[in-house]
Amino acid sequence: METILVVNAGSSSLKFQVFAISGSQDLDCLVRGQIDGVGMRPRLRAAAGDGAALIDKAFESNEIPDLEAAIFEAGAWLRETQKVDLVAVGHRVVHGGPDFVNPVRVDRDIIARLRRYISLAPLHQPHNLAPMRALLERRPGLPQVACFDTSFHRGHGALADHYALPLRFYEEGVRRYGFHGLSYEYVAERLRQIAPAVANGRVIVAHLGSGASMCAIAGGRSVESTLGFTALDGLPMGTRPGQIDPGVVLYLIMEKGMSPGAVQDMLYRECGLKGLSGVSNDVRELEASADPKAVFALDYFAYRVGLNAGMLAAAMGGLDGFVFTAGIGENSPTMRARIVQRLAWLGITLDAEANRERRTVISASESRVPVYVVPTNEELMIARHTLETLSKQDAFCSTKEKTAD
Ligand code: ADP
């Protein structure tokens with residue numbers, strides 16, 4: 001069976017999914033897995049599409065020292081035990097900069113161009129590119145496609161895309177890109193199936209995970225995002241502060257004598273829910289904690305989601321639907337309830353039971369705006385893009401034949 005491997009590489013983990021291409025070009029998830037603790041205490045875990053466990057194996061640190069080794073270990077396990085016949089690999093890449101509007105077939109030149117954006121997403125971009133480069137060297141015949149978290153937002157109008165800086169900075173790429181685009185694209189598609197009239201209207205999607213953002217989607221297209229030039233803006237996140245006065249950064253450097261690198265490190269790793277609570281970056285732990293600082297951090301998160309919802313509704317001139325997705329949005333009824341309280345001025349009310357049970361529609365029947373929970377699936381979106389991108393290339397058919405044996 002022909003399959004597509006989807007890779008989402010982070011700093012010390014490599015998540016992967018394998019999708020079977022069925023005759024009608026539908027995609028079914030066969031395997032989902034990850035290698036955590038790369039270079040420290042590597043561990044490969046995977047399950048079948050139906051959730052049945054397939055492997056849980058620990059390795060010595062030197063057996064999987066880096067992401068390159070991780071992609072080959074995952075590939076070898078898939079080949080030997082799952083007998084998958086990979087015809088292509090799709091990668092999640094956080095930053096496509098100003099140039100990459102669509103997913104793109106990977107070659108050396110593309111990797112070199114994507115390396116230019118490492119400074120814009122230092123926590124993600126280099127790790128996204130590492131397995132890509134390794135596969136290109138070791139399996140040059142295996143087609144790879146890079147799919148970008150920024151692409152869905154590239155149609156933003158000029159007002160949403162600019163900072164009020166001298167224009168030359170815009171020209172060189174200092175723009176409000178927005179991220180989590182693969183998630184928003186998937187959710188927008190799902191919403192078209194769930195509530196087509198709402199999906200055609202003005203919708204806010206709140207992607208609330210350890211990275212968090214919100215997107216204003218009008219008529220199925222992204223028109224505004226809480227994230228900008230890097231993945232630091234907008235909402236507070238697990239370890240990132242969200243929107244911050246740039247004067248604070250100047251203060252840290254000029255008055256506190258912090259180096260730019262130290263400030264960067266702090267902004268990406270020590271702020272957000274973790275910094276505010278001093279307890280954890282994980283909403284589950286904060287919700288289980290009686291520490292007033294944990295409660296404050298949760299309140300703060302909901303408050304900022306509410307503020308940003310006002311901003312996005314203003315960008316669209318109104319609101320026809322609100323959607324929760326990602327780790328917190330999908331799994332925390334308490335946080336959803338806190339946030340909806342902040343949206344009461346919009347006439348939004350919750351059906352408490354529907355919220356507890358995580359039904360698709362969680363707003364009360366009298367709510368002026370319907371509220372949904374739509375689980376995201378960035379990996380499926382990447383697999384679809386990979387297939388589409390390669391299907392457009394004649395070369396793919398002959399490559400498929402070559403790599404199938
Ligand atoms: P990412 O993909 O950005 O790493 P996820 O979308 O997987 O993040 O979200 C991870 C976060 O979701 C966790 O850090 C945690 O805060 C939150 N989360 C996951 N499950 C729950 C739950 N049952 N209750 C509350 N929060 C949860």
# chains A, B, ... in the order shown; residues from 1 in each chain; ligands from 1
call {"tool": "residues_near_ligand", "arguments": {"ligand": "ligand 1", "cutoff": "7 Å", "atoms": "only C-alpha atoms and all ligand atoms", "output": "PyMOL selection string"}}
result
chain A and resi 208-211+238+281-284+326-328+331-332
call {"tool": "write_last_selection", "arguments": {"atoms": "N, CA and C atoms", "output": "PDB file, in the first residue's frame"}}
result
ATOM      1  N   LEU A 208      -5.601  26.896  20.770  1.00  0.00           N
ATOM      2  CA  LEU A 208      -5.017  27.057  22.101  1.00  0.00           C
ATOM      3  C   LEU A 208      -4.275  25.786  22.484  1.00  0.00           C
ATOM      4  N   GLY A 209      -2.978  25.777  22.234  1.00  0.00           N
ATOM      5  CA  GLY A 209      -2.133  24.653  22.629  1.00  0.00           C
ATOM      6  C   GLY A 209      -0.981  25.209  23.427  1.00  0.00           C
ATOM      7  N   SER A 210       0.150  24.491  23.463  1.00  0.00           N
ATOM      8  CA  SER A 210       1.279  25.089  24.189  1.00  0.00           C
ATOM      9  C   SER A 210       1.757  26.329  23.434  1.00  0.00           C
ATOM     10  N   GLY A 211       1.629  26.313  22.107  1.00  0.00           N
ATOM     11  CA  GLY A 211       1.676  27.553  21.326  1.00  0.00           C
ATOM     12  C   GLY A 211       0.224  27.952  21.097  1.00  0.00           C
ATOM     13  N   GLY A 238       2.321  28.675  26.608  1.00  0.00           N
ATOM     14  CA  GLY A 238       2.906  27.882  27.686  1.00  0.00           C
ATOM     15  C   GLY A 238       4.128  28.564  28.290  1.00  0.00           C
ATOM     16  N   ASN A 281       3.895  25.210  32.785  1.00  0.00           N
ATOM     17  CA  ASN A 281       3.405  25.739  31.506  1.00  0.00           C
ATOM     18  C   ASN A 281       2.193  24.951  31.025  1.00  0.00           C
ATOM     19  N   ASP A 282       1.802  23.946  31.787  1.00  0.00           N
ATOM     20  CA  ASP A 282       0.768  23.012  31.331  1.00  0.00           C
ATOM     21  C   ASP A 282      -0.546  23.316  32.036  1.00  0.00           C
ATOM     22  N   VAL A 283      -1.572  23.572  31.225  1.00  0.00           N
ATOM     23  CA  VAL A 283      -2.874  23.954  31.790  1.00  0.00           C
ATOM     24  C   VAL A 283      -3.434  22.863  32.716  1.00  0.00           C
ATOM     25  N   ARG A 284      -3.152  21.590  32.383  1.00  0.00           N
ATOM     26  CA  ARG A 284      -3.630  20.512  33.270  1.00  0.00           C
ATOM     27  C   ARG A 284      -3.085  20.691  34.680  1.00  0.00           C
ATOM     28  N   ALA A 326      -7.123  22.652  19.320  1.00  0.00           N
ATOM     29  CA  ALA A 326      -5.793  22.330  19.892  1.00  0.00           C
ATOM     30  C   ALA A 326      -5.898  21.912  21.360  1.00  0.00           C
ATOM     31  N   GLY A 327      -4.742  21.539  21.931  1.00  0.00           N
ATOM     32  CA  GLY A 327      -4.687  20.861  23.236  1.00  0.00           C
ATOM     33  C   GLY A 327      -5.585  21.433  24.323  1.00  0.00           C
ATOM     34  N   ILE A 328      -5.484  22.739  24.550  1.00  0.00           N
ATOM     35  CA  ILE A 328      -6.300  23.358  25.606  1.00  0.00           C
ATOM     36  C   ILE A 328      -7.730  23.528  25.103  1.00  0.00           C
ATOM     37  N   ASN A 331      -9.534  20.182  25.035  1.00  0.00           N
ATOM     38  CA  ASN A 331      -9.561  19.300  26.218  1.00  0.00           C
ATOM     39  C   ASN A 331      -9.889  19.954  27.547  1.00  0.00           C
ATOM     40  N   SER A 332      -9.960  21.260  27.595  1.00  0.00           N
ATOM     41  CA  SER A 332     -10.219  21.875  28.893  1.00  0.00           C
ATOM     42  C   SER A 332     -11.584  22.578  28.929  1.00  0.00           C
TER      43      SER A 332
END
call {"tool": "residues_around", "arguments": {"residues": "Pro103 of chain A", "least_positions_apart": "2", "cutoff": "12 Å", "atoms": "only C-alpha atoms", "output": "ChimeraX atom specification"}}
result
/A:90-96,99-101,105-106,110,144-152,181-182,381-390,392
call {"tool": "write_last_selection", "arguments": {"atoms": "N, CA and C atoms", "output": "mmCIF file, in the first residue's frame"}}
result
data_model
loop_
_atom_site.group_PDB
_atom_site.id
_atom_site.type_symbol
_atom_site.label_atom_id
_atom_site.label_comp_id
_atom_site.auth_asym_id
_atom_site.auth_seq_id
_atom_site.Cartn_x
_atom_site.Cartn_y
_atom_site.Cartn_z
ATOM 1 N N GLY A 90 5.905 14.491 3.884
ATOM 2 C CA GLY A 90 5.463 15.878 4.045
ATOM 3 C C GLY A 90 5.977 16.408 5.371
ATOM 4 N N HIS A 91 6.525 17.612 5.367
ATOM 5 C CA HIS A 91 7.098 18.191 6.588
ATOM 6 C C HIS A 91 6.317 19.421 7.014
ATOM 7 N N ARG A 92 6.136 19.542 8.309
ATOM 8 C CA ARG A 92 5.626 20.800 8.838
ATOM 9 C C ARG A 92 6.800 21.762 8.982
ATOM 10 N N VAL A 93 6.665 22.929 8.401
ATOM 11 C CA VAL A 93 7.713 23.954 8.528
ATOM 12 C C VAL A 93 7.036 25.211 9.052
ATOM 13 N N VAL A 94 7.558 25.734 10.136
ATOM 14 C CA VAL A 94 6.839 26.810 10.798
ATOM 15 C C VAL A 94 6.846 28.103 9.981
ATOM 16 N N HIS A 95 7.977 28.400 9.306
ATOM 17 C CA HIS A 95 8.079 29.714 8.668
ATOM 18 C C HIS A 95 8.374 29.608 7.181
ATOM 19 N N GLY A 96 7.491 30.169 6.375
ATOM 20 C CA GLY A 96 7.734 30.227 4.932
ATOM 21 C C GLY A 96 8.131 31.623 4.474
ATOM 22 N N ASP A 99 8.178 34.562 0.856
ATOM 23 C CA ASP A 99 8.244 33.944 -0.473
ATOM 24 C C ASP A 99 7.310 32.761 -0.657
ATOM 25 N N PHE A 100 7.092 31.983 0.420
ATOM 26 C CA PHE A 100 6.418 30.706 0.218
ATOM 27 C C PHE A 100 4.935 30.819 0.541
ATOM 28 N N VAL A 101 4.150 30.904 -0.513
ATOM 29 C CA VAL A 101 2.707 31.054 -0.377
ATOM 30 C C VAL A 101 2.048 29.673 -0.366
ATOM 31 N N ARG A 105 7.886 21.470 -3.209
ATOM 32 C CA ARG A 105 8.740 20.287 -3.284
ATOM 33 C C ARG A 105 10.146 20.663 -2.816
ATOM 34 N N VAL A 106 10.724 19.822 -1.974
ATOM 35 C CA VAL A 106 12.004 20.161 -1.337
ATOM 36 C C VAL A 106 13.182 19.773 -2.218
ATOM 37 N N ILE A 110 15.737 24.921 -1.976
ATOM 38 C CA ILE A 110 14.619 25.272 -1.086
ATOM 39 C C ILE A 110 15.096 25.244 0.373
ATOM 40 N N GLN A 144 9.924 14.982 -1.212
ATOM 41 C CA GLN A 144 9.553 15.617 0.053
ATOM 42 C C GLN A 144 8.861 16.949 -0.247
ATOM 43 N N VAL A 145 7.899 17.272 0.604
ATOM 44 C CA VAL A 145 7.172 18.535 0.435
ATOM 45 C C VAL A 145 7.199 19.287 1.765
ATOM 46 N N ALA A 146 7.500 20.572 1.695
ATOM 47 C CA ALA A 146 7.466 21.427 2.892
ATOM 48 C C ALA A 146 6.129 22.160 2.921
ATOM 49 N N CYS A 147 5.444 22.072 4.067
ATOM 50 C CA CYS A 147 4.144 22.746 4.230
ATOM 51 C C CYS A 147 4.302 23.759 5.369
ATOM 52 N N PHE A 148 3.802 24.963 5.134
ATOM 53 C CA PHE A 148 4.150 26.072 6.030
ATOM 54 C C PHE A 148 2.998 26.505 6.928
ATOM 55 N N ASP A 149 3.347 26.831 8.163
ATOM 56 C CA ASP A 149 2.356 27.369 9.094
ATOM 57 C C ASP A 149 1.944 28.788 8.738
ATOM 58 N N THR A 150 2.723 29.421 7.873
ATOM 59 C CA THR A 150 2.431 30.807 7.497
ATOM 60 C C THR A 150 1.535 30.917 6.255
ATOM 61 N N SER A 151 1.471 29.837 5.454
ATOM 62 C CA SER A 151 0.837 29.954 4.122
ATOM 63 C C SER A 151 -0.602 30.449 4.187
ATOM 64 N N PHE A 152 -1.392 29.891 5.106
ATOM 65 C CA PHE A 152 -2.825 30.200 5.143
ATOM 66 C C PHE A 152 -3.078 31.696 5.335
ATOM 67 N N GLY A 181 -1.140 28.032 10.639
ATOM 68 C CA GLY A 181 -1.993 28.080 9.449
ATOM 69 C C GLY A 181 -2.512 26.722 9.011
ATOM 70 N N LEU A 182 -1.713 25.676 9.205
ATOM 71 C CA LEU A 182 -2.176 24.336 8.791
ATOM 72 C C LEU A 182 -3.361 23.927 9.636
ATOM 73 N N MET A 381 -3.693 17.601 7.098
ATOM 74 C CA MET A 381 -3.582 18.732 6.160
ATOM 75 C C MET A 381 -2.254 18.644 5.407
ATOM 76 N N ILE A 382 -1.187 18.304 6.115
ATOM 77 C CA ILE A 382 0.135 18.189 5.471
ATOM 78 C C ILE A 382 0.124 17.042 4.456
ATOM 79 N N ALA A 383 -0.476 15.919 4.852
ATOM 80 C CA ALA A 383 -0.530 14.772 3.925
ATOM 81 C C ALA A 383 -1.305 15.162 2.664
ATOM 82 N N ARG A 384 -2.414 15.875 2.832
ATOM 83 C CA ARG A 384 -3.193 16.300 1.656
ATOM 84 C C ARG A 384 -2.381 17.216 0.758
ATOM 85 N N HIS A 385 -1.711 18.203 1.393
ATOM 86 C CA HIS A 385 -0.904 19.132 0.597
ATOM 87 C C HIS A 385 0.220 18.395 -0.134
ATOM 88 N N THR A 386 0.815 17.433 0.553
ATOM 89 C CA THR A 386 1.928 16.693 -0.044
ATOM 90 C C THR A 386 1.446 15.980 -1.296
ATOM 91 N N LEU A 387 0.322 15.303 -1.148
ATOM 92 C CA LEU A 387 -0.232 14.570 -2.282
ATOM 93 C C LEU A 387 -0.589 15.527 -3.421
ATOM 94 N N GLU A 388 -1.248 16.629 -3.081
ATOM 95 C CA GLU A 388 -1.659 17.594 -4.114
ATOM 96 C C GLU A 388 -0.448 18.188 -4.837
ATOM 97 N N THR A 389 0.549 18.583 -4.024
ATOM 98 C CA THR A 389 1.726 19.231 -4.610
ATOM 99 C C THR A 389 2.430 18.288 -5.574
ATOM 100 N N LEU A 390 2.554 17.021 -5.157
ATOM 101 C CA LEU A 390 3.272 16.072 -5.998
ATOM 102 C C LEU A 390 2.418 15.618 -7.181
ATOM 103 N N LYS A 392 0.629 17.382 -8.890
ATOM 104 C CA LYS A 392 0.725 18.394 -9.953
ATOM 105 C C LYS A 392 1.998 18.215 -10.779
#
call {"tool": "closest_residue", "arguments": {"among": "A:Leu312, A:Glu378, A:Phe72, A:Leu136", "to": "Asn8 of chain A", "atoms": "only C-alpha atoms"}}
result
A:Glu378
call {"tool": "residues_around", "arguments": {"residues": "Leu380 of chain A", "least_positions_apart": "4", "cutoff": "12 Å", "atoms": "only C-alpha atoms", "output": "ChimeraX atom specification"}}
result
/A:4-8,16-21,26-30,32,90-92,147,182-183,185-187,189-190,375-376,384-387
call {"tool": "residues_around", "arguments": {"residues": "Leu44 of chain A", "least_positions_apart": "6", "cutoff": "9 Å", "atoms": "only C-alpha atoms", "output": "PDB file with C-alpha atoms, in the first residue's frame"}}
result
ATOM      1  CA  GLY A  33       4.040   7.939  16.672  1.00  0.00           C
ATOM      2  CA  GLN A  34       6.826   9.986  18.095  1.00  0.00           C
ATOM      3  CA  ILE A  35      10.396   9.803  19.266  1.00  0.00           C
ATOM      4  CA  ASP A  36      10.820  11.903  22.403  1.00  0.00           C
ATOM      5  CA  ILE A  55       5.692  -0.054  20.155  1.00  0.00           C
ATOM      6  CA  ASP A  56       7.089   1.609  23.262  1.00  0.00           C
ATOM      7  CA  LYS A  57      10.860   1.299  23.214  1.00  0.00           C
ATOM      8  CA  ALA A  58      13.606   3.176  25.067  1.00  0.00           C
ATOM      9  CA  PHE A  59      17.031   3.787  23.508  1.00  0.00           C
ATOM     10  CA  GLU A  73      15.096   5.153  13.268  1.00  0.00           C
ATOM     11  CA  ALA A  74      11.405   5.905  12.685  1.00  0.00           C
TER      12      ALA A  74
END
call {"tool": "select_by_dssp", "arguments": {"residues": "segment 99-247 of chain A", "states": "alpha helix (DSSP H)", "output": "MDAnalysis selection string"}}
result
chainID A and resid 108:115 125:138 158:161 167:171 181:194 196:199 246:247
call {"tool": "closest_atom_pairs", "arguments": {"of": "segment 80-186 of chain A", "to": "segment 231-237 of chain A", "cutoff": "12 Å", "atoms": "only C-alpha atoms", "output": "Markdown table"}}
result
| residue | atom | partner | partner_atom | distance |
| --- | --- | --- | --- | --- |
| A:Val94 | CA | A:Ala231 | CA | 9.0 |
| A:His95 | CA | A:Ala231 | CA | 9.4 |
| A:Ser119 | CA | A:Ala231 | CA | 11.5 |
| A:Leu120 | CA | A:Ala231 | CA | 8.3 |
| A:Ala121 | CA | A:Ala231 | CA | 6.9 |
| A:Pro122 | CA | A:Ala231 | CA | 9.8 |
| A:Leu123 | CA | A:Ala231 | CA | 9.4 |
| A:His124 | CA | A:Ala231 | CA | 9.6 |
| A:Gln125 | CA | A:Ala231 | CA | 11.2 |
| A:Asp149 | CA | A:Ala231 | CA | 10.3 |
| A:Thr150 | CA | A:Ala231 | CA | 10.3 |
| A:Arg176 | CA | A:Asp233 | CA | 9.6 |
| A:Tyr177 | CA | A:Ala231 | CA | 9.1 |
| A:Gly178 | CA | A:Ala231 | CA | 7.5 |
| A:Phe179 | CA | A:Ala231 | CA | 6.8 |
| A:His180 | CA | A:Ala231 | CA | 9.2 |
| A:Gly181 | CA | A:Ala231 | CA | 11.8 |
call {"tool": "select_by_dssp", "arguments": {"residues": "segment 114-307 of chain A", "states": "strand (DSSP E)", "output": "ChimeraX atom specification"}}
result
/A:144-148,202-208,212-218,221-225
call {"tool": "residues_around", "arguments": {"residues": "Met40 of chain A", "least_positions_apart": "4", "cutoff": "12 Å", "atoms": "only C-alpha atoms", "output": "list in words"}}
result
Ser11, Ser12, Ser13, Ile35, Asp36, Ala58, Phe59, Glu60, Ser61, Asn62, Glu63, Ile64, Pro65, Asp66 and Leu67 of chain A
call {"tool": "closest_residue", "arguments": {"among": "A:Ala158, A:Ala288, A:Met214, A:Ala344", "to": "Met311 of chain A", "atoms": "only C-alpha atoms"}}
result
A:Met214
call {"tool": "closest_residue", "arguments": {"among": "A:Ile362, A:Pro42, A:Arg154, A:Asn200", "to": "Ala188 of chain A", "atoms": "only C-alpha atoms"}}
result
A:Asn200
